[in-house]
Every structure is written in C-alpha cells, then in structure tokens.
>>> print(open('data-v9.txt').read())   # compact mmCIF, C-alpha atoms and all ligand atoms
# COMPACT_ATOMS: atom_id res chain seq x y z
CA MET A 16 -20.10 20.90 15.51
CA LYS A 17 -16.48 20.08 14.84
CA LEU A 18 -15.78 16.92 12.89
CA GLY A 19 -13.88 14.61 15.20
CA PRO A 20 -10.41 13.15 14.93
CA ALA A 21 -9.35 11.14 11.89
CA THR A 22 -6.78 8.37 11.66
CA LEU A 23 -4.42 8.68 8.71
CA GLY A 24 -1.79 5.95 8.73
CA PRO A 25 0.39 6.62 11.79
CA LEU A 26 -1.18 10.04 12.45
CA THR A 27 -4.25 11.05 14.39
CA LEU A 28 -5.55 14.31 12.93
CA ARG A 29 -7.72 16.41 15.25
CA SER A 30 -9.92 17.19 12.21
CA PRO A 31 -10.26 15.31 8.89
CA LEU A 32 -9.71 18.56 6.97
CA VAL A 33 -6.29 19.31 5.48
CA ALA A 34 -5.29 22.62 3.86
CA ALA A 35 -3.85 21.69 0.44
CA SER A 36 -0.33 22.59 -0.69
CA GLY A 37 0.07 25.76 -2.72
CA THR A 38 -3.17 27.30 -1.48
CA VAL A 39 -2.02 28.40 1.99
CA GLY A 40 1.49 29.72 1.24
CA SER A 41 4.03 28.49 3.76
CA VAL A 42 1.15 28.23 6.31
CA VAL A 43 3.03 30.43 8.80
CA ASP A 44 2.60 33.49 6.58
CA VAL A 45 -1.19 33.23 6.15
CA ALA A 46 -2.14 32.39 9.73
CA GLY A 47 -3.95 35.74 10.08
CA ALA A 48 -6.21 35.11 7.09
CA ILE A 49 -7.17 31.48 7.73
CA ASP A 50 -8.44 30.02 11.01
CA PHE A 51 -6.36 26.86 11.09
CA SER A 52 -8.08 25.53 14.21
CA TRP A 53 -10.57 23.81 11.86
CA TYR A 54 -7.86 21.73 10.19
CA GLY A 55 -6.00 18.58 11.18
CA ALA A 56 -2.98 19.67 9.14
CA ALA A 57 -1.88 22.35 6.69
CA VAL A 58 0.55 21.64 3.86
CA ALA A 59 3.09 24.27 2.88
CA LYS A 60 3.81 25.11 -0.77
CA SER A 61 6.14 22.56 -2.38
CA VAL A 62 9.84 23.23 -2.00
CA ALA A 63 12.82 21.94 -4.04
CA SER A 64 16.48 21.38 -3.18
CA THR A 65 17.50 24.65 -4.87
CA PRO A 66 15.54 27.88 -5.54
CA TRP A 67 13.19 27.69 -8.52
CA GLN A 68 12.09 30.88 -10.30
CA GLY A 69 8.83 29.43 -11.56
CA ARG A 70 7.36 30.31 -14.92
CA PRO A 71 6.92 33.82 -16.32
CA ALA A 72 3.46 35.48 -16.20
CA PRO A 73 0.69 34.72 -16.97
CA ARG A 74 0.69 31.86 -14.49
CA LEU A 75 -2.93 31.89 -13.36
CA ALA A 76 -6.13 31.81 -15.39
CA PRO A 77 -9.68 31.67 -14.07
CA THR A 78 -11.94 29.36 -16.09
CA GLU A 79 -15.76 29.22 -16.19
CA VAL A 80 -15.58 26.64 -13.42
CA GLY A 81 -12.38 26.38 -11.41
CA MET A 82 -8.99 27.75 -12.40
CA LEU A 83 -5.71 26.96 -14.14
CA ASN A 84 -2.29 27.52 -12.66
CA GLY A 85 1.10 27.19 -14.26
CA ILE A 86 3.30 28.61 -11.56
CA GLY A 87 6.09 26.08 -11.99
CA ILE A 88 6.65 25.67 -8.24
CA GLN A 89 8.39 28.96 -7.57
CA ASN A 90 10.15 28.39 -4.25
CA PRO A 91 13.20 29.57 -2.31
CA GLY A 92 14.90 26.15 -2.03
CA ILE A 93 15.03 24.00 1.08
CA GLU A 94 17.91 25.80 2.83
CA ALA A 95 16.23 29.20 2.78
CA TRP A 96 12.87 27.57 3.55
CA ALA A 97 14.23 25.82 6.62
CA ARG A 98 15.89 29.05 7.80
CA GLU A 99 12.85 31.27 7.26
CA VAL A 100 9.86 29.00 7.89
CA GLY A 101 11.32 26.37 10.23
CA PRO A 102 11.62 28.53 13.36
CA ARG A 103 8.00 29.71 12.91
CA LEU A 104 6.37 26.30 12.50
CA ARG A 105 5.32 26.21 16.16
CA SER A 106 3.75 29.67 15.94
CA VAL A 107 0.68 28.38 14.08
CA ASP A 108 -2.24 26.52 15.60
CA VAL A 109 -2.00 23.55 13.23
CA PRO A 110 0.48 20.77 12.47
CA VAL A 111 2.38 21.80 9.33
CA TRP A 112 3.38 19.28 6.68
CA GLY A 113 6.17 20.09 4.28
CA SER A 114 5.85 19.30 0.58
CA ALA A 115 8.86 18.06 -1.37
CA VAL A 116 9.38 18.38 -5.11
CA GLY A 117 12.39 17.56 -7.24
CA GLU A 118 13.78 16.68 -10.62
CA THR A 119 15.83 13.69 -9.40
CA VAL A 120 15.38 11.01 -6.75
CA ASP A 121 18.31 12.46 -4.77
CA GLU A 122 16.76 15.92 -4.80
CA PHE A 123 13.55 14.60 -3.26
CA ALA A 124 15.57 12.84 -0.55
CA ALA A 125 17.57 16.01 0.20
CA VAL A 126 14.41 18.09 0.50
CA ALA A 127 12.77 15.50 2.74
CA SER A 128 15.78 15.54 5.02
CA GLY A 129 15.73 19.35 5.13
CA LEU A 130 12.00 19.45 5.89
CA ASP A 131 12.51 16.88 8.63
CA GLY A 132 15.30 18.98 10.15
CA ALA A 133 13.09 22.07 10.00
CA GLY A 134 10.53 20.30 12.20
CA VAL A 135 7.51 19.61 9.97
CA GLU A 136 5.03 17.02 11.29
CA ALA A 137 4.95 15.02 8.06
CA ILE A 138 6.20 15.17 4.49
CA GLU A 139 4.02 15.15 1.42
CA VAL A 140 5.91 14.09 -1.70
CA ASN A 141 4.62 15.99 -4.71
CA LEU A 142 4.92 13.39 -7.45
CA SER A 143 2.34 15.11 -9.58
CA CYS A 144 3.30 18.66 -10.41
CA PRO A 145 2.18 19.29 -13.99
CA ASN A 146 4.47 22.27 -14.41
CA LEU A 147 7.84 20.63 -14.88
CA GLU A 148 9.45 20.43 -18.28
CA GLU A 149 9.28 17.59 -20.79
CA GLY A 150 6.42 15.62 -19.31
CA SER A 151 8.40 14.67 -16.23
CA ILE A 152 5.42 13.91 -14.05
CA TRP A 153 6.79 11.33 -11.65
CA SER A 154 3.48 9.72 -10.79
CA PHE A 155 2.80 8.73 -14.40
CA ASP A 156 5.25 5.91 -13.72
CA ALA A 157 4.82 3.50 -10.80
CA GLY A 158 8.47 2.42 -10.73
CA ARG A 159 9.91 5.94 -10.73
CA SER A 160 7.39 7.02 -8.09
CA ALA A 161 8.36 4.09 -5.88
CA ALA A 162 12.04 4.97 -6.26
CA VAL A 163 11.35 8.50 -5.00
CA ILE A 164 9.31 7.27 -2.05
CA GLY A 165 11.97 4.68 -1.17
CA ALA A 166 14.63 7.40 -1.08
CA VAL A 167 12.44 9.76 0.95
CA ARG A 168 11.59 6.92 3.34
CA ALA A 169 15.31 6.34 3.89
CA ALA A 170 15.91 10.07 4.46
CA THR A 171 13.29 10.71 7.14
CA GLY A 172 11.51 9.02 10.01
CA ARG A 173 8.53 11.39 9.64
CA PRO A 174 5.23 10.17 8.21
CA VAL A 175 5.25 10.37 4.41
CA GLY A 176 2.37 10.94 2.00
CA ALA A 177 2.60 10.51 -1.79
CA LYS A 178 0.60 12.98 -3.87
CA LEU A 179 -0.46 11.54 -7.21
CA SER A 180 -1.78 12.85 -10.50
CA PRO A 181 -5.32 12.14 -11.75
CA ASN A 182 -3.82 11.89 -15.24
CA ALA A 183 -1.80 8.74 -14.54
CA GLU A 184 -2.95 6.00 -16.87
CA ARG A 185 -3.34 3.54 -13.99
CA VAL A 186 -3.53 5.40 -10.72
CA VAL A 187 -4.16 2.18 -8.77
CA ASP A 188 -0.79 0.76 -9.86
CA VAL A 189 1.01 3.94 -8.82
CA ALA A 190 -0.77 4.02 -5.45
CA GLU A 191 0.09 0.39 -4.82
CA ALA A 192 3.76 0.97 -5.73
CA VAL A 193 4.25 4.02 -3.49
CA LEU A 194 2.52 2.35 -0.53
CA ALA A 195 4.73 -0.72 -0.97
CA ALA A 196 7.78 1.59 -1.12
CA GLY A 197 6.93 3.05 2.28
CA ALA A 198 4.42 5.86 1.83
CA ASP A 199 2.07 6.07 4.83
CA TRP A 200 -0.78 7.43 2.70
CA VAL A 201 -1.64 8.63 -0.79
CA VAL A 202 -3.09 12.04 -1.65
CA LEU A 203 -5.64 11.72 -4.45
CA THR A 204 -5.14 14.00 -6.24
CA ASN A 205 -3.11 16.95 -7.44
CA THR A 206 -4.47 19.16 -10.26
CA ALA A 207 -5.45 17.72 -13.66
CA LEU A 208 -3.65 18.85 -16.80
CA GLY A 209 -5.49 21.70 -18.48
CA ALA A 210 -5.12 24.64 -20.86
CA ALA A 211 -6.99 27.74 -22.08
CA VAL A 212 -6.76 29.97 -25.17
CA ASP A 213 -7.01 33.77 -25.20
CA LEU A 214 -9.31 34.93 -28.04
CA GLU A 215 -7.55 38.30 -28.35
CA THR A 216 -3.96 37.08 -28.56
CA ARG A 217 -4.99 33.77 -30.16
CA ARG A 218 -2.41 32.15 -27.92
CA PRO A 219 -2.54 29.82 -24.91
CA VAL A 220 -3.30 31.84 -21.79
CA LEU A 221 -0.60 30.28 -19.61
CA SER A 222 3.01 31.02 -20.49
CA GLY A 223 3.75 27.32 -19.99
CA VAL A 224 0.80 26.40 -22.29
CA VAL A 225 -0.33 23.48 -20.10
CA GLY A 226 -1.03 23.98 -16.41
CA GLY A 227 -2.93 22.44 -13.54
CA TYR A 228 -6.71 22.59 -13.42
CA SER A 229 -8.26 22.84 -9.94
CA GLY A 230 -11.52 23.76 -8.24
CA VAL A 231 -15.09 22.48 -8.32
CA GLY A 232 -14.72 20.63 -11.64
CA MET A 233 -11.94 18.50 -10.13
CA LYS A 234 -14.21 16.64 -7.76
CA PRO A 235 -15.42 13.84 -10.06
CA LEU A 236 -11.89 13.35 -11.42
CA ALA A 237 -10.19 13.02 -8.03
CA LEU A 238 -13.09 11.12 -6.49
CA ARG A 239 -12.84 8.53 -9.25
CA CYS A 240 -9.22 7.92 -8.19
CA VAL A 241 -10.22 7.54 -4.53
CA LEU A 242 -12.95 5.04 -5.40
CA GLU A 243 -10.71 3.01 -7.70
CA VAL A 244 -7.85 2.84 -5.20
CA ARG A 245 -10.21 1.89 -2.37
CA ARG A 246 -11.88 -0.80 -4.45
CA ALA A 247 -8.58 -2.26 -5.64
CA LEU A 248 -6.40 -1.92 -2.54
CA GLY A 249 -8.88 -1.96 0.35
CA ALA A 250 -8.76 0.39 3.33
CA VAL A 251 -5.42 2.06 2.60
CA PRO A 252 -4.95 5.58 4.03
CA ILE A 253 -6.13 8.20 1.52
CA VAL A 254 -6.38 11.99 1.58
CA GLY A 255 -9.07 12.98 -0.92
CA CYS A 256 -8.30 16.27 -2.70
CA GLY A 257 -10.05 18.09 -5.52
CA GLY A 258 -12.94 20.53 -5.73
CA VAL A 259 -13.98 20.44 -2.09
CA ARG A 260 -16.09 23.40 -0.96
CA THR A 261 -18.85 21.93 1.19
CA GLY A 262 -19.48 19.48 4.00
CA HIS A 263 -21.30 17.25 1.55
CA ASP A 264 -18.16 17.09 -0.60
CA VAL A 265 -16.23 15.87 2.44
CA ILE A 266 -18.79 13.15 3.16
CA GLU A 267 -18.72 12.07 -0.48
CA TYR A 268 -14.93 11.64 -0.39
CA VAL A 269 -15.13 9.69 2.88
CA MET A 270 -17.81 7.39 1.44
CA ALA A 271 -15.51 6.81 -1.52
CA GLY A 272 -12.72 5.74 0.85
CA ALA A 273 -10.84 8.83 2.08
CA SER A 274 -9.69 9.13 5.70
CA ALA A 275 -9.04 12.86 5.40
CA VAL A 276 -10.05 15.48 2.86
CA ALA A 277 -8.04 18.45 1.59
CA ILE A 278 -9.31 21.88 0.57
CA GLY A 279 -7.30 23.81 -2.04
CA THR A 280 -8.79 26.29 -4.51
CA GLY A 281 -11.79 26.78 -2.19
CA HIS A 282 -9.48 28.94 -0.02
CA PHE A 283 -9.10 31.55 -2.76
CA GLU A 284 -12.85 32.13 -2.94
CA ARG A 285 -13.46 31.91 0.80
CA PRO A 286 -10.39 31.66 3.06
CA ARG A 287 -12.53 30.77 6.07
CA LEU A 288 -14.72 28.12 4.45
CA ALA A 289 -13.53 25.28 6.71
CA ARG A 290 -15.86 26.34 9.51
CA ARG A 291 -18.87 26.07 7.19
CA VAL A 292 -17.65 22.74 5.91
CA HIS A 293 -17.58 21.37 9.47
CA ALA A 294 -21.04 22.79 10.21
CA GLN A 295 -22.65 21.38 7.07
CA ALA A 296 -21.05 17.95 7.40
CA GLY A 297 -22.01 17.92 11.09
CA ARG A 298 -25.68 18.66 10.27
CA TRP A 299 -25.72 15.83 7.73
CA LEU A 300 -24.19 13.39 10.21
CA ARG A 301 -26.70 14.36 12.93
CA ARG A 302 -29.66 14.05 10.54
CA ASN A 303 -28.44 10.60 9.60
CA GLY A 304 -27.72 9.46 13.16
CA ILE A 305 -23.99 9.04 12.62
CA THR A 306 -21.63 9.98 15.43
CA ASP A 307 -18.30 9.33 13.75
CA LEU A 308 -17.47 10.25 10.16
CA ALA A 309 -15.18 7.20 10.01
CA GLU A 310 -18.29 4.95 10.07
CA LEU A 311 -18.91 6.09 6.48
CA ARG A 312 -15.44 5.43 5.22
CA GLY A 313 -15.49 3.47 2.01
CA VAL A 314 -19.20 2.56 2.17
CA ALA A 315 -19.62 3.57 -1.49
CA ALA A 316 -16.63 1.62 -2.76
C1 LIG B 1 -2.36 28.09 -7.21
C2 LIG B 1 -2.12 26.65 -6.86
C3 LIG B 1 -0.85 26.23 -6.46
C4 LIG B 1 -0.63 24.89 -6.12
N1 LIG B 1 0.61 24.52 -5.73
C5 LIG B 1 0.83 23.22 -5.32
C6 LIG B 1 2.10 22.83 -4.82
O1 LIG B 1 3.04 23.62 -4.69
N2 LIG B 1 2.25 21.52 -4.46
C7 LIG B 1 1.24 20.58 -4.54
O2 LIG B 1 1.44 19.43 -4.19
N3 LIG B 1 0.02 20.96 -5.00
C8 LIG B 1 -0.20 22.24 -5.39
N4 LIG B 1 -1.45 22.62 -5.84
C9 LIG B 1 -2.52 21.59 -5.96
C10 LIG B 1 -3.47 21.60 -4.76
O3 LIG B 1 -2.80 21.30 -3.56
C11 LIG B 1 -4.61 20.57 -4.97
O4 LIG B 1 -4.05 19.28 -5.03
C12 LIG B 1 -5.39 20.81 -6.26
O5 LIG B 1 -5.56 22.18 -6.50
C13 LIG B 1 -6.77 20.11 -6.24
O6 LIG B 1 -7.55 20.56 -5.15
P1 LIG B 1 -8.62 21.78 -5.27
O7 LIG B 1 -9.52 21.48 -6.43
O8 LIG B 1 -9.33 21.79 -3.95
O9 LIG B 1 -7.81 23.01 -5.48
C14 LIG B 1 -1.69 23.95 -6.19
C15 LIG B 1 -2.97 24.38 -6.57
C16 LIG B 1 -3.21 25.70 -6.90
C17 LIG B 1 -4.59 26.11 -7.32
>>> encode(input="data-v9.txt", output="structure tokens", more="lines below")
Ligand SMILES: Cc1cc2nc3c(=O)[nH]c(=O)nc-3n(C[C@H](O)[C@H](O)[C@H](O)COP(=O)(O)O)c2cc1C
Amino acid sequence: MKLGPATLGPLTLRSPLVAASGTVGSVVDVAGAIDFSWYGAAVAKSVASTPWQGRPAPRLAPTEVGMLNGIGIQNPGIEAWAREVGPRLRSVDVPVWGSAVGETVDEFAAVASGLDGAGVEAIEVNLSCPNLEEGSIWSFDAGRSAAVIGAVRAATGRPVGAKLSPNAERVVDVAEAVLAAGADWVVLTNTALGAAVDLETRRPVLSGVVGGYSGVGMKPLALRCVLEVRRALGAVPIVGCGGVRTGHDVIEYVMAGASAVAIGTGHFERPRLARRVHAQAGRWLRRNGITDLAELRGVAA
C-alpha cells in the first residue's frame, strides 16, 4: 500500500514522505540508488550564494545511536549548482526542493532566486545549520529568522519552507515568526547540537568540535517541537523530521501534528527504506480502519 497524497500548505504531495536535505546529495545524482517514487518530494543538499569548502576531516562520526556530522555545508555555490543540477531536475521521478543557506539575509535571497530560476518545485530555507561559525544559527532568533523568510518570500514565488533547530530556546516563537513572515510550512527539525570525544587522541572527534546529531535518537527531540508548535499554533503546515525509520515513526509524527514526514539518516543505513515505511504504516492504518493518514493529524496534540 502506498500512503496517499498529503497537503502541505499550497502543495499536494503524492506521498507524505520527504527525503531530507543532505542525505540524498543533489537528488539527481543519487537517483539510481534511491527509488524516489515513494516520496512526495526530495530536498537537495543546502547551497549558498558562493562556493563553501566545508570543514576539514573528520566531519562524520558514528555514535552508539545515530551519528554526528560537521560538514559545514560544503557546496559549489548557487551559480554552479544551477548550471549543473538545474537542467537535470526533470530527469528524476520526484519533485525536487532546493535548500538555501547563507550568512546574510541578502545571501539567502540570492540563493532563493537562483534556485527558483533553476526550476526547483519549492525552497527550503535552512535556518538551522549547526556548522556555521560563532553560533550564528539563524533560527535561535525569531526576528532574524523572520527577516530571512521575508527576503526569500520577496525573491521567489515558489512555496517556501523554513527549517528550524530543535535547540532554539522557544521553537514555537520562531515557528510563529517565520509563518507570519511568509513561510508556507515549517520543517521540525534539523539536527541537534552534539559532540564526541576520541579516547585515543583525547580530542573532540569532529574538526569543528560541535556538529549536528541525527538518527534514531533525534525522534523525541524533533517530535517534541512538532507537538509544541501544533498545540500552540493549531493546524499549521509542518514537516516532521528526525529519527524516522519506520511506518510507526511516520504515524507518530502525524499524530503529533505533521502533514508530511522527512527521512534523513535512515537513508545511510538503508537507501530503499521508504518502501518498507509505506508498507508498515499502511498495515497499521488498515488494522485500525483508517483510510487516510490525514485523519490522524494532530490527534495527539
Ligand atoms: C550528513 C548529513 C548532512 C546534512 N546536511 C543538511 C543540509 O545540507 N541541509 C539541511 O537543511 N539539513 C541537513 N541535514 C539534516 C537532515 O536533513 C535532517 O534534518 C536531520 O538529519 C534530522 O533527520 P534524521 O534524524 O532523519 O537524519 C544533514 C544531515 C546529515 C546526517
């Protein structure tokens, strides 16, 4: 059974599953490894206005549960991205969303405009990358986040999602601010801040010391954000993201208030897990006499 269409703000997704940014490359370059027909959308790795080198190695560290990454958004810059990826966007069997990152409001707007010109279906604004210098995580601050979304909104007519950090002190305030500034949905959440120490070198494992924690252990952290935003703001469009591996995880996020659910780190363990996720969620829905996943949306909130 395939999970049916999902409404996310102005979009109708053919499936409620989204492939999360940074875990499926530029989408067009991993189409052989992942069967995208199970997804409603796939989000390309975040791109900036100019090329970013990313951090030196080591940039990845497995942990007992989940993983840490401190890649620092290595990317070719929007011009090269649009040239190389843009013409291939129609070659994949899934709507591709671009992901914009930047160090200034103007940079975000320039990237959004470039992604729009390249032909992406929608633009996710990465306000939550933990790998930038000097604590500059945009979504820790509702006002700064709203300024970015306002500028992106002015730069593109495409649907816009705002991706937030689970480490924000008051995620509800940030969600409310970005929705008021014109975001069509919020993505809850990006990775959580994390670190690991190497016993041999007696040093932090990641070259950047602090990185982003993702995988199974993320689920309660991101789900808490979904529940809080749903309870405070009502039925606003939410993409739940963090630790999803199973159909039951998807149902949990929908009960908490998500309209769509993204899979990230799960792809590294099992690139084709989306099919199993559909099957398991479908069995649960049948057993419980539910024909449309949307019936469950927010019931736990
Ligand atoms: C290796 C790696 C790279 C990532 N790169 C990005 C990125 O470029 N932009 C972004 O918005 N999120 C990025 N993420 C975060 C994921 O999209 C997702 O929000 C997060 O990992 C939580 O979901 P998960 O537990 O299913 O992985 C990255 C995650 C990983 C593991």
>>> closest_residue(input="data-v9.txt", among="A:Leu208, A:Ala95, A:Ala190, A:Ala157", to="ligand LIG 1 (chain B)", atoms="all atoms listed in the file")
A:Leu208
>>> closest_residue(input="data-v9.txt", among="A:Ala21, A:Cys144, A:Ala35, A:Val163", to="Val259 in chain A", atoms="all atoms listed in the file")
A:Ala35
>>> residues_near_ligand(input="data-v9.txt", ligand="ligand LIG 1 (chain B)", cutoff="8 Å", atoms="only C-alpha atoms and all ligand atoms", output="CSV table (one decimal) with C-alpha atoms, in the coordinates of the input")
chain,number,residue,atom,x,y,z
A,34,ALA,CA,-5.3,22.6,3.9
A,35,ALA,CA,-3.8,21.7,0.4
A,36,SER,CA,-0.3,22.6,-0.7
A,37,GLY,CA,0.1,25.8,-2.7
A,38,THR,CA,-3.2,27.3,-1.5
A,59,ALA,CA,3.1,24.3,2.9
A,60,LYS,CA,3.8,25.1,-0.8
A,61,SER,CA,6.1,22.6,-2.4
A,62,VAL,CA,9.8,23.2,-2.0
A,75,LEU,CA,-2.9,31.9,-13.4
A,81,GLY,CA,-12.4,26.4,-11.4
A,82,MET,CA,-9.0,27.8,-12.4
A,83,LEU,CA,-5.7,27.0,-14.1
A,84,ASN,CA,-2.3,27.5,-12.7
A,85,GLY,CA,1.1,27.2,-14.3
A,86,ILE,CA,3.3,28.6,-11.6
A,88,ILE,CA,6.6,25.7,-8.2
A,114,SER,CA,5.8,19.3,0.6
A,116,VAL,CA,9.4,18.4,-5.1
A,139,GLU,CA,4.0,15.2,1.4
A,140,VAL,CA,5.9,14.1,-1.7
A,141,ASN,CA,4.6,16.0,-4.7
A,142,LEU,CA,4.9,13.4,-7.4
A,143,SER,CA,2.3,15.1,-9.6
A,144,CYS,CA,3.3,18.7,-10.4
A,178,LYS,CA,0.6,13.0,-3.9
A,203,LEU,CA,-5.6,11.7,-4.4
A,204,THR,CA,-5.1,14.0,-6.2
A,205,ASN,CA,-3.1,17.0,-7.4
A,206,THR,CA,-4.5,19.2,-10.3
A,207,ALA,CA,-5.4,17.7,-13.7
A,227,GLY,CA,-2.9,22.4,-13.5
A,228,TYR,CA,-6.7,22.6,-13.4
A,229,SER,CA,-8.3,22.8,-9.9
A,230,GLY,CA,-11.5,23.8,-8.2
A,231,VAL,CA,-15.1,22.5,-8.3
A,232,GLY,CA,-14.7,20.6,-11.6
A,233,MET,CA,-11.9,18.5,-10.1
A,234,LYS,CA,-14.2,16.6,-7.8
A,256,CYS,CA,-8.3,16.3,-2.7
A,257,GLY,CA,-10.0,18.1,-5.5
A,258,GLY,CA,-12.9,20.5,-5.7
A,259,VAL,CA,-14.0,20.4,-2.1
A,260,ARG,CA,-16.1,23.4,-1.0
A,277,ALA,CA,-8.0,18.4,1.6
A,278,ILE,CA,-9.3,21.9,0.6
A,279,GLY,CA,-7.3,23.8,-2.0
A,280,THR,CA,-8.8,26.3,-4.5
A,281,GLY,CA,-11.8,26.8,-2.2
>>> atom_distance(input="data-v9.txt", atom1="CA of Ala125 in chain A", atom2="CA of Leu28 in chain A")
26.4 Å
>>> atom_distance(input="data-v9.txt", atom1="CA of Leu238 in chain A", atom2="CA of Val45 in chain A")
28.1 Å
>>> decode(input="data-v9.txt", residues="range 222-299 of chain A", atoms="C-alpha atoms", output="PDB file, in the first residue's frame")
ATOM      1  CA  SER A 222      37.274  19.012  13.469  1.00  0.00           C
ATOM      2  CA  GLY A 223      34.638  21.653  14.183  1.00  0.00           C
ATOM      3  CA  VAL A 224      34.192  20.282  17.758  1.00  0.00           C
ATOM      4  CA  VAL A 225      30.396  20.687  17.711  1.00  0.00           C
ATOM      5  CA  GLY A 226      28.311  19.166  14.944  1.00  0.00           C
ATOM      6  CA  GLY A 227      24.795  18.032  14.179  1.00  0.00           C
ATOM      7  CA  TYR A 228      23.369  14.922  15.812  1.00  0.00           C
ATOM      8  CA  SER A 229      20.906  12.911  13.708  1.00  0.00           C
ATOM      9  CA  GLY A 230      19.295   9.486  13.544  1.00  0.00           C
ATOM     10  CA  VAL A 231      17.054   7.416  15.791  1.00  0.00           C
ATOM     11  CA  GLY A 232      17.829   9.398  18.965  1.00  0.00           C
ATOM     12  CA  MET A 233      16.503  12.560  17.300  1.00  0.00           C
ATOM     13  CA  LYS A 234      12.910  11.409  17.235  1.00  0.00           C
ATOM     14  CA  PRO A 235      11.807  12.512  20.726  1.00  0.00           C
ATOM     15  CA  LEU A 236      13.621  15.838  20.327  1.00  0.00           C
ATOM     16  CA  ALA A 237      12.050  16.759  16.978  1.00  0.00           C
ATOM     17  CA  LEU A 238       8.676  15.287  17.879  1.00  0.00           C
ATOM     18  CA  ARG A 239       8.549  17.497  20.959  1.00  0.00           C
ATOM     19  CA  CYS A 240       8.901  20.526  18.658  1.00  0.00           C
ATOM     20  CA  VAL A 241       6.088  19.282  16.388  1.00  0.00           C
ATOM     21  CA  LEU A 242       3.770  18.739  19.355  1.00  0.00           C
ATOM     22  CA  GLU A 243       4.540  22.113  20.909  1.00  0.00           C
ATOM     23  CA  VAL A 244       4.060  24.019  17.653  1.00  0.00           C
ATOM     24  CA  ARG A 245       0.809  22.192  16.908  1.00  0.00           C
ATOM     25  CA  ARG A 246      -0.529  22.813  20.402  1.00  0.00           C
ATOM     26  CA  ALA A 247       0.412  26.492  20.356  1.00  0.00           C
ATOM     27  CA  LEU A 248      -0.322  27.453  16.745  1.00  0.00           C
ATOM     28  CA  GLY A 249      -3.011  24.986  15.659  1.00  0.00           C
ATOM     29  CA  ALA A 250      -3.048  23.164  12.322  1.00  0.00           C
ATOM     30  CA  VAL A 251      -0.136  24.970  10.657  1.00  0.00           C
ATOM     31  CA  PRO A 252       1.715  23.027   7.926  1.00  0.00           C
ATOM     32  CA  ILE A 253       4.592  21.035   9.432  1.00  0.00           C
ATOM     33  CA  VAL A 254       7.157  18.612   8.007  1.00  0.00           C
ATOM     34  CA  GLY A 255       8.289  16.360  10.862  1.00  0.00           C
ATOM     35  CA  CYS A 256      11.963  15.382  10.610  1.00  0.00           C
ATOM     36  CA  GLY A 257      14.236  13.453  12.941  1.00  0.00           C
ATOM     37  CA  GLY A 258      14.978   9.787  13.506  1.00  0.00           C
ATOM     38  CA  VAL A 259      12.376   8.344  11.159  1.00  0.00           C
ATOM     39  CA  ARG A 260      12.998   4.742  10.101  1.00  0.00           C
ATOM     40  CA  THR A 261       9.622   3.018  10.289  1.00  0.00           C
ATOM     41  CA  GLY A 262       5.989   3.429   9.335  1.00  0.00           C
ATOM     42  CA  HIS A 263       5.134   3.736  13.007  1.00  0.00           C
ATOM     43  CA  ASP A 264       7.502   6.714  13.279  1.00  0.00           C
ATOM     44  CA  VAL A 265       5.589   8.397  10.453  1.00  0.00           C
ATOM     45  CA  ILE A 266       2.246   7.817  12.166  1.00  0.00           C
ATOM     46  CA  GLU A 267       3.642   9.174  15.434  1.00  0.00           C
ATOM     47  CA  TYR A 268       4.752  12.405  13.740  1.00  0.00           C
ATOM     48  CA  VAL A 269       1.373  12.784  12.020  1.00  0.00           C
ATOM     49  CA  MET A 270      -0.463  12.261  15.329  1.00  0.00           C
ATOM     50  CA  ALA A 271       1.757  14.972  16.804  1.00  0.00           C
ATOM     51  CA  GLY A 272       0.689  17.368  14.040  1.00  0.00           C
ATOM     52  CA  ALA A 273       2.889  16.826  10.967  1.00  0.00           C
ATOM     53  CA  SER A 274       1.420  16.903   7.445  1.00  0.00           C
ATOM     54  CA  ALA A 275       4.497  15.302   5.910  1.00  0.00           C
ATOM     55  CA  VAL A 276       7.462  13.438   7.362  1.00  0.00           C
ATOM     56  CA  ALA A 277      11.097  13.534   6.238  1.00  0.00           C
ATOM     57  CA  ILE A 278      13.647  10.715   6.290  1.00  0.00           C
ATOM     58  CA  GLY A 279      17.320  11.662   6.639  1.00  0.00           C
ATOM     59  CA  THR A 280      19.958   9.486   8.312  1.00  0.00           C
ATOM     60  CA  GLY A 281      17.793   6.403   7.707  1.00  0.00           C
ATOM     61  CA  HIS A 282      18.939   6.576   4.058  1.00  0.00           C
ATOM     62  CA  PHE A 283      22.553   5.857   5.014  1.00  0.00           C
ATOM     63  CA  GLU A 284      21.618   2.587   6.692  1.00  0.00           C
ATOM     64  CA  ARG A 285      19.035   1.544   4.118  1.00  0.00           C
ATOM     65  CA  PRO A 286      18.717   3.704   0.982  1.00  0.00           C
ATOM     66  CA  ARG A 287      15.490   1.974  -0.022  1.00  0.00           C
ATOM     67  CA  LEU A 288      13.708   2.083   3.335  1.00  0.00           C
ATOM     68  CA  ALA A 289      10.819   4.265   2.109  1.00  0.00           C
ATOM     69  CA  ARG A 290       9.033   1.290   0.581  1.00  0.00           C
ATOM     70  CA  ARG A 291       9.035  -0.511   3.940  1.00  0.00           C
ATOM     71  CA  VAL A 292       7.894   2.631   5.687  1.00  0.00           C
ATOM     72  CA  HIS A 293       4.858   2.830   3.382  1.00  0.00           C
ATOM     73  CA  ALA A 294       4.090  -0.871   3.877  1.00  0.00           C
ATOM     74  CA  GLN A 295       4.303  -0.744   7.665  1.00  0.00           C
ATOM     75  CA  ALA A 296       2.290   2.458   8.002  1.00  0.00           C
ATOM     76  CA  GLY A 297      -0.264   1.033   5.555  1.00  0.00           C
ATOM     77  CA  ARG A 298      -0.677  -2.144   7.652  1.00  0.00           C
ATOM     78  CA  TRP A 299      -1.213  -0.067  10.789  1.00  0.00           C
TER      79      TRP A 299
END
